[in-house]
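Here's run.pdb, which has PDB, C-alpha atoms and all ligand atoms:
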```pdb
ATOM      1  CA  MET W 958     -56.099  38.653  84.616  1.00  0.00           C
ATOM      2  CA  PRO W 959     -57.913  39.663  87.786  1.00  0.00           C
ATOM      3  CA  PRO W 960     -56.055  42.288  89.812  1.00  0.00           C
ATOM      4  CA  ARG W 961     -55.686  39.932  92.795  1.00  0.00           C
ATOM      5  CA  GLU W 962     -55.049  36.243  92.992  1.00  0.00           C
ATOM      6  CA  ILE W 963     -57.727  34.171  94.706  1.00  0.00           C
ATOM      7  CA  VAL W 964     -56.233  31.971  97.403  1.00  0.00           C
ATOM      8  CA  THR W 965     -57.496  28.421  97.752  1.00  0.00           C
ATOM      9  CA  LEU W 966     -57.462  25.721 100.389  1.00  0.00           C
ATOM     10  CA  PRO W 967     -55.323  24.761 102.242  1.00  0.00           C
ATOM     11  CA  ASN W 968     -54.144  28.389 102.592  1.00  0.00           C
ATOM     12  CA  GLU W 969     -54.393  29.136 106.315  1.00  0.00           C
ATOM     13  CA  ILE W 970     -55.723  32.670 105.833  1.00  0.00           C
ATOM     14  CA  LEU W 971     -59.071  31.121 104.883  1.00  0.00           C
ATOM     15  CA  ARG W 972     -59.257  29.640 108.379  1.00  0.00           C
ATOM     16  CA  ARG W 973     -58.514  32.771 110.375  1.00  0.00           C
ATOM     17  CA  LYS W 974     -60.950  35.303 111.783  1.00  0.00           C
ATOM     18  CA  ALA W 975     -60.345  38.531 109.869  1.00  0.00           C
ATOM     19  CA  ARG W 976     -59.706  41.881 111.595  1.00  0.00           C
ATOM     20  CA  ASP W 977     -62.145  44.779 111.894  1.00  0.00           C
ATOM     21  CA  VAL W 978     -61.561  47.671 109.516  1.00  0.00           C
ATOM     22  CA  ASP W 979     -61.091  51.105 111.109  1.00  0.00           C
ATOM     23  CA  ASP W 980     -59.150  52.883 108.359  1.00  0.00           C
ATOM     24  CA  PHE W 981     -61.308  53.845 105.372  1.00  0.00           C
ATOM     25  CA  GLY W 982     -58.394  55.429 103.500  1.00  0.00           C
ATOM     26  CA  PRO W 983     -56.996  54.859 100.000  1.00  0.00           C
ATOM     27  CA  GLU W 984     -55.641  51.394 100.756  1.00  0.00           C
ATOM     28  CA  LEU W 985     -59.137  50.142 101.616  1.00  0.00           C
ATOM     29  CA  GLN W 986     -60.590  51.829  98.539  1.00  0.00           C
ATOM     30  CA  THR W 987     -58.037  50.070  96.314  1.00  0.00           C
ATOM     31  CA  LEU W 988     -58.721  46.754  98.036  1.00  0.00           C
ATOM     32  CA  ILE W 989     -62.469  47.101  97.444  1.00  0.00           C
ATOM     33  CA  ASP W 990     -62.029  48.072  93.777  1.00  0.00           C
ATOM     34  CA  ASP W 991     -59.677  45.142  93.259  1.00  0.00           C
ATOM     35  CA  MET W 992     -62.090  42.752  95.004  1.00  0.00           C
ATOM     36  CA  ILE W 993     -64.981  43.841  92.783  1.00  0.00           C
ATOM     37  CA  GLU W 994     -62.926  43.332  89.638  1.00  0.00           C
ATOM     38  CA  THR W 995     -61.537  40.001  90.855  1.00  0.00           C
ATOM     39  CA  MET W 996     -65.075  38.780  91.625  1.00  0.00           C
ATOM     40  CA  ARG W 997     -66.286  39.804  88.163  1.00  0.00           C
ATOM     41  CA  VAL W 998     -63.372  38.242  86.314  1.00  0.00           C
ATOM     42  CA  ALA W 999     -63.554  34.965  88.296  1.00  0.00           C
ATOM     43  CA  PRO W1000     -66.598  35.072  87.681  1.00  0.00           C
ATOM     44  CA  GLY W1001     -68.368  34.873  91.008  1.00  0.00           C
ATOM     45  CA  VAL W1002     -71.262  36.444  92.872  1.00  0.00           C
ATOM     46  CA  GLY W1003     -69.390  37.243  96.071  1.00  0.00           C
ATOM     47  CA  LEU W1004     -65.890  37.604  97.485  1.00  0.00           C
ATOM     48  CA  ALA W1005     -64.394  38.162 100.929  1.00  0.00           C
ATOM     49  CA  ALA W1006     -61.043  39.887 101.587  1.00  0.00           C
ATOM     50  CA  PRO W1007     -59.357  36.765 103.051  1.00  0.00           C
ATOM     51  CA  GLN W1008     -59.913  35.147  99.640  1.00  0.00           C
ATOM     52  CA  VAL W1009     -57.464  37.667  98.164  1.00  0.00           C
ATOM     53  CA  ASP W1010     -55.038  37.148 101.044  1.00  0.00           C
ATOM     54  CA  VAL W1011     -56.089  40.192 103.075  1.00  0.00           C
ATOM     55  CA  PRO W1012     -57.156  39.441 106.683  1.00  0.00           C
ATOM     56  CA  LEU W1013     -59.778  42.202 106.903  1.00  0.00           C
ATOM     57  CA  ARG W1014     -63.557  42.121 107.376  1.00  0.00           C
ATOM     58  CA  VAL W1015     -64.633  43.244 103.900  1.00  0.00           C
ATOM     59  CA  ILE W1016     -67.054  41.518 101.514  1.00  0.00           C
ATOM     60  CA  VAL W1017     -68.412  42.303  98.074  1.00  0.00           C
ATOM     61  CA  VAL W1018     -71.518  40.743  96.537  1.00  0.00           C
ATOM     62  CA  GLU W1019     -72.981  41.230  93.085  1.00  0.00           C
ATOM     63  CA  PHE W1020     -76.200  39.507  92.264  1.00  0.00           C
ATOM     64  CA  GLY W1021     -79.225  39.977  90.067  1.00  0.00           C
ATOM     65  CA  ARG W1022     -82.593  38.307  90.309  1.00  0.00           C
ATOM     66  CA  GLU W1023     -82.946  34.549  90.184  1.00  0.00           C
ATOM     67  CA  ASP W1024     -86.145  34.748  88.196  1.00  0.00           C
ATOM     68  CA  ASP W1025     -84.790  37.200  85.625  1.00  0.00           C
ATOM     69  CA  PRO W1026     -81.192  36.794  84.362  1.00  0.00           C
ATOM     70  CA  GLU W1027     -81.636  39.944  82.251  1.00  0.00           C
ATOM     71  CA  ALA W1028     -82.377  42.142  85.264  1.00  0.00           C
ATOM     72  CA  PRO W1029     -79.520  44.467  86.257  1.00  0.00           C
ATOM     73  CA  LYS W1030     -77.250  43.156  88.991  1.00  0.00           C
ATOM     74  CA  LYS W1031     -76.854  44.959  92.251  1.00  0.00           C
ATOM     75  CA  LEU W1032     -73.450  45.489  93.812  1.00  0.00           C
ATOM     76  CA  TYR W1033     -73.002  45.485  97.593  1.00  0.00           C
ATOM     77  CA  THR W1034     -69.852  46.349  99.487  1.00  0.00           C
ATOM     78  CA  VAL W1035     -69.989  45.726 103.234  1.00  0.00           C
ATOM     79  CA  VAL W1036     -67.184  46.542 105.633  1.00  0.00           C
ATOM     80  CA  ASN W1037     -67.277  44.890 109.077  1.00  0.00           C
ATOM     81  CA  PRO W1038     -70.339  42.829 108.069  1.00  0.00           C
ATOM     82  CA  GLU W1039     -72.469  41.019 110.596  1.00  0.00           C
ATOM     83  CA  ILE W1040     -75.536  38.843 110.295  1.00  0.00           C
ATOM     84  CA  ARG W1041     -77.812  40.758 112.659  1.00  0.00           C
ATOM     85  CA  ARG W1042     -80.938  38.698 112.194  1.00  0.00           C
ATOM     86  CA  ALA W1043     -81.454  35.339 110.548  1.00  0.00           C
ATOM     87  CA  SER W1044     -84.777  33.619 109.955  1.00  0.00           C
ATOM     88  CA  SER W1045     -85.250  30.325 111.746  1.00  0.00           C
ATOM     89  CA  GLU W1046     -86.662  29.005 108.506  1.00  0.00           C
ATOM     90  CA  GLU W1047     -83.873  27.405 106.506  1.00  0.00           C
ATOM     91  CA  VAL W1048     -83.549  26.130 102.979  1.00  0.00           C
ATOM     92  CA  GLU W1049     -81.079  23.711 101.423  1.00  0.00           C
ATOM     93  CA  GLY W1050     -79.046  24.878  98.435  1.00  0.00           C
ATOM     94  CA  LEU W1051     -75.981  23.978  96.401  1.00  0.00           C
ATOM     95  CA  GLU W1052     -72.933  26.141  97.094  1.00  0.00           C
ATOM     96  CA  GLY W1053     -69.513  26.445  95.585  1.00  0.00           C
ATOM     97  CA  CYS W1054     -66.589  28.626  96.573  1.00  0.00           C
ATOM     98  CA  LEU W1055     -63.885  30.290  94.488  1.00  0.00           C
ATOM     99  CA  SER W1056     -61.409  29.201  97.177  1.00  0.00           C
ATOM    100  CA  ILE W1057     -62.457  25.531  96.980  1.00  0.00           C
ATOM    101  CA  PRO W1058     -62.433  24.812  93.245  1.00  0.00           C
ATOM    102  CA  GLU W1059     -64.262  21.801  91.851  1.00  0.00           C
ATOM    103  CA  LEU W1060     -66.272  20.962  94.947  1.00  0.00           C
ATOM    104  CA  VAL W1061     -69.850  21.813  95.739  1.00  0.00           C
ATOM    105  CA  GLY W1062     -71.948  21.142  98.801  1.00  0.00           C
ATOM    106  CA  GLU W1063     -75.496  21.102 100.009  1.00  0.00           C
ATOM    107  CA  VAL W1064     -75.823  23.681 102.750  1.00  0.00           C
ATOM    108  CA  ASP W1065     -78.791  24.664 104.909  1.00  0.00           C
ATOM    109  CA  ARG W1066     -79.033  28.452 105.253  1.00  0.00           C
ATOM    110  CA  SER W1067     -81.540  30.892 106.676  1.00  0.00           C
ATOM    111  CA  VAL W1068     -84.055  32.012 104.065  1.00  0.00           C
ATOM    112  CA  ALA W1069     -83.811  35.661 105.141  1.00  0.00           C
ATOM    113  CA  VAL W1070     -81.143  37.701 106.913  1.00  0.00           C
ATOM    114  CA  THR W1071     -80.436  41.257 107.940  1.00  0.00           C
ATOM    115  CA  VAL W1072     -76.827  42.272 107.375  1.00  0.00           C
ATOM    116  CA  THR W1073     -75.349  45.286 109.120  1.00  0.00           C
ATOM    117  CA  GLY W1074     -71.974  46.927 108.694  1.00  0.00           C
ATOM    118  CA  GLN W1075     -70.513  49.964 106.992  1.00  0.00           C
ATOM    119  CA  ASN W1076     -70.239  51.096 103.407  1.00  0.00           C
ATOM    120  CA  ARG W1077     -66.845  51.789 101.833  1.00  0.00           C
ATOM    121  CA  HIS W1078     -66.804  55.274 103.326  1.00  0.00           C
ATOM    122  CA  GLY W1079     -67.582  54.133 106.867  1.00  0.00           C
ATOM    123  CA  GLN W1080     -71.280  55.022 106.968  1.00  0.00           C
ATOM    124  CA  PRO W1081     -73.603  52.522 108.690  1.00  0.00           C
ATOM    125  CA  LEU W1082     -75.370  50.118 106.393  1.00  0.00           C
ATOM    126  CA  LYS W1083     -78.261  47.710 106.793  1.00  0.00           C
ATOM    127  CA  ILE W1084     -79.346  45.239 104.123  1.00  0.00           C
ATOM    128  CA  LYS W1085     -82.331  42.909 104.168  1.00  0.00           C
ATOM    129  CA  ALA W1086     -81.796  39.895 101.949  1.00  0.00           C
ATOM    130  CA  LYS W1087     -83.719  36.770 101.136  1.00  0.00           C
ATOM    131  CA  ASP W1088     -83.301  33.575  99.155  1.00  0.00           C
ATOM    132  CA  TRP W1089     -80.068  33.418  97.101  1.00  0.00           C
ATOM    133  CA  LEU W1090     -78.906  36.858  98.147  1.00  0.00           C
ATOM    134  CA  ALA W1091     -79.340  35.838 101.804  1.00  0.00           C
ATOM    135  CA  ARG W1092     -77.322  32.688 101.113  1.00  0.00           C
ATOM    136  CA  ILE W1093     -74.503  34.651  99.498  1.00  0.00           C
ATOM    137  CA  PHE W1094     -74.279  37.034 102.457  1.00  0.00           C
ATOM    138  CA  GLN W1095     -74.199  34.133 104.934  1.00  0.00           C
ATOM    139  CA  HIS W1096     -71.402  32.493 102.905  1.00  0.00           C
ATOM    140  CA  GLU W1097     -69.342  35.716 102.761  1.00  0.00           C
ATOM    141  CA  VAL W1098     -69.762  36.598 106.433  1.00  0.00           C
ATOM    142  CA  ASP W1099     -68.633  33.042 107.210  1.00  0.00           C
ATOM    143  CA  HIS W1100     -65.464  33.762 105.200  1.00  0.00           C
ATOM    144  CA  VAL W1101     -64.432  36.693 107.402  1.00  0.00           C
ATOM    145  CA  ASN W1102     -64.923  34.396 110.400  1.00  0.00           C
ATOM    146  CA  GLY W1103     -62.719  31.661 108.925  1.00  0.00           C
ATOM    147  CA  VAL W1104     -65.681  29.368 108.225  1.00  0.00           C
ATOM    148  CA  LEU W1105     -66.102  27.612 104.861  1.00  0.00           C
ATOM    149  CA  PHE W1106     -69.142  26.003 103.258  1.00  0.00           C
ATOM    150  CA  VAL W1107     -67.579  22.558 103.630  1.00  0.00           C
ATOM    151  CA  ASP W1108     -67.856  23.007 107.424  1.00  0.00           C
ATOM    152  CA  ARG W1109     -71.614  23.450 107.187  1.00  0.00           C
ATOM    153  CA  ALA W1110     -72.454  21.195 104.252  1.00  0.00           C
ATOM    154  CA  THR W1111     -74.604  18.146 104.782  1.00  0.00           C
ATOM    155  CA  ARG W1112     -73.011  16.669 101.646  1.00  0.00           C
ATOM    156  CA  VAL W1113     -69.900  17.667  99.679  1.00  0.00           C
ATOM    157  CA  PHE W1114     -69.220  16.261  96.225  1.00  0.00           C
ATOM    158  CA  VAL W1115     -67.513  16.728  92.866  1.00  0.00           C
ATOM    159  CA  PRO W1116     -70.241  17.792  90.452  1.00  0.00           C
ATOM    160  CA  GLU W1117     -70.785  16.055  87.114  1.00  0.00           C
ATOM    161  CA  PRO W1118     -69.416  18.089  84.163  1.00  0.00           C
ATOM    162  CA  GLU W1119     -72.880  19.362  83.163  1.00  0.00           C
ATOM    163  CA  GLU W1120     -73.740  20.228  86.755  1.00  0.00           C
ATOM    164  CA  PHE W1121     -70.413  22.013  87.026  1.00  0.00           C
ATOM    165  CA  SER W1122     -70.919  24.205  83.958  1.00  0.00           C
ATOM    166  CA  GLU W1123     -74.386  25.066  85.220  1.00  0.00           C
ATOM    167  CA  HIS W1124     -72.813  26.008  88.514  1.00  0.00           C
ATOM    168  CA  GLN W1125     -69.986  28.117  87.072  1.00  0.00           C
ATOM    169  CA  GLY W1126     -70.247  31.787  87.835  1.00  0.00           C
ATOM    170  CA  THR W1127     -72.327  31.165  90.951  1.00  0.00           C
ATOM    171  CA  GLU W1128     -69.356  30.578  93.242  1.00  0.00           C
ATOM    172  CA  VAL W1129     -68.797  32.827  96.204  1.00  0.00           C
TER     173      VAL W1129
HETATM  174 NI    NI F1201     -66.499  31.268  99.217  1.00  0.00          NI
END
```

Take the structure from the file and write it as structure tokens.
Amino acid sequence: MPPREIVTLPNEILRRKARDVDDFGPELQTLIDDMIETMRVAPGVGLAAPQVDVPLRVIVVEFGREDDPEAPKKLYTVVNPEIRRASSEEVEGLEGCLSIPELVGEVDRSVAVTVTGQNRHGQPLKIKAKDWLARIFQHEVDHVNGVLFVDRATRVFVPEPEEFSEHQGTEV
């Protein structure tokens, strides 16, 4: 059992803009630890605090390399995340969301982004991401703004069983 329950549509918290974090105390540390474990158990590659019913601007992302599934994954925790720069070049990709089970959508996203924010201790953070990692960050920052992939998708559909199993574990 994951430490926190993942809320799903139509829960209204998914539609609200989350609040800035200014207290980096024990409660935030517990939230972040719980989010990381919940993401791993789901399994997923990203999670935003509103998805565990907490209206704060916190995201976690854990992702390896697309071209090498054996490569170690990298864990990112970003508090008060913002997409600071986004490439005008976009690419279409298939997205799912732990809060919208059984649906996927084709979404155009910037190929590369720069994410700024703070780490779990409040120190400034800047991450340059491209390709899938850039997509995951755009999806998670949308979450803390109350935006879901279905709002941006050019097509939303129920995947075929084999497509779905291929997609499992890539939700965000
Ligand atoms: Ni999501």

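If only C-alpha atoms are the atoms counted, then among W:Thr1073, W:Gln1095, W:Gln1080, W:Thr1127 the closest residue to Ser1044 in chain W is W:Gln1095.
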
I need the residue set behind the PyMOL selection byres (((not hetatm)) within 9 of (chain F and resi 1201)) for this file; please write it as a PyMOL selection string.
chain W and resi 1003-1005+1008+1052-1057+1093+1096-1097+1099-1100+1105-1106+1128-1129

Restricting to all atoms listed in the file, whichever of W:Gln1075, W:Thr987, W:Asn968, W:Asn1102 is closest to Tyr1033 in chain W is W:Gln1075

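Here CA of Ile970 in chain W and CA of Asp1010 in chain W stand 6.6 Å from one another.
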
Target residues per the PyMOL selection byres (((chain W and resi 999) around 9) and not hetatm), formatted as an mmCIF file with C-alpha atoms, in the frame of the given file:
```
data_model
loop_
_atom_site.group_PDB
_atom_site.id
_atom_site.type_symbol
_atom_site.label_atom_id
_atom_site.label_comp_id
_atom_site.auth_asym_id
_atom_site.auth_seq_id
_atom_site.Cartn_x
_atom_site.Cartn_y
_atom_site.Cartn_z
ATOM 1 C CA PRO W 959 -57.913 39.663 87.786
ATOM 2 C CA ILE W 963 -57.727 34.171 94.706
ATOM 3 C CA GLU W 994 -62.926 43.332 89.638
ATOM 4 C CA THR W 995 -61.537 40.001 90.855
ATOM 5 C CA MET W 996 -65.075 38.780 91.625
ATOM 6 C CA ARG W 997 -66.286 39.804 88.163
ATOM 7 C CA VAL W 998 -63.372 38.242 86.314
ATOM 8 C CA PRO W 1000 -66.598 35.072 87.681
ATOM 9 C CA GLY W 1001 -68.368 34.873 91.008
ATOM 10 C CA LEU W 1055 -63.885 30.290 94.488
ATOM 11 C CA GLY W 1126 -70.247 31.787 87.835
ATOM 12 C CA GLU W 1128 -69.356 30.578 93.242
#
```

Enter the distance from CA of Ile1040 in chain W to CA of Pro960 in chain W, in Å, rounded to one decimal.
28.5 Å

Between W:Ala1043, W:Val1101, W:Val1115, W:Val1018, which is the closest to Arg972 in chain W once you count all atoms listed in the file?
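Nearest to Arg972 in chain W: W:Val1101.
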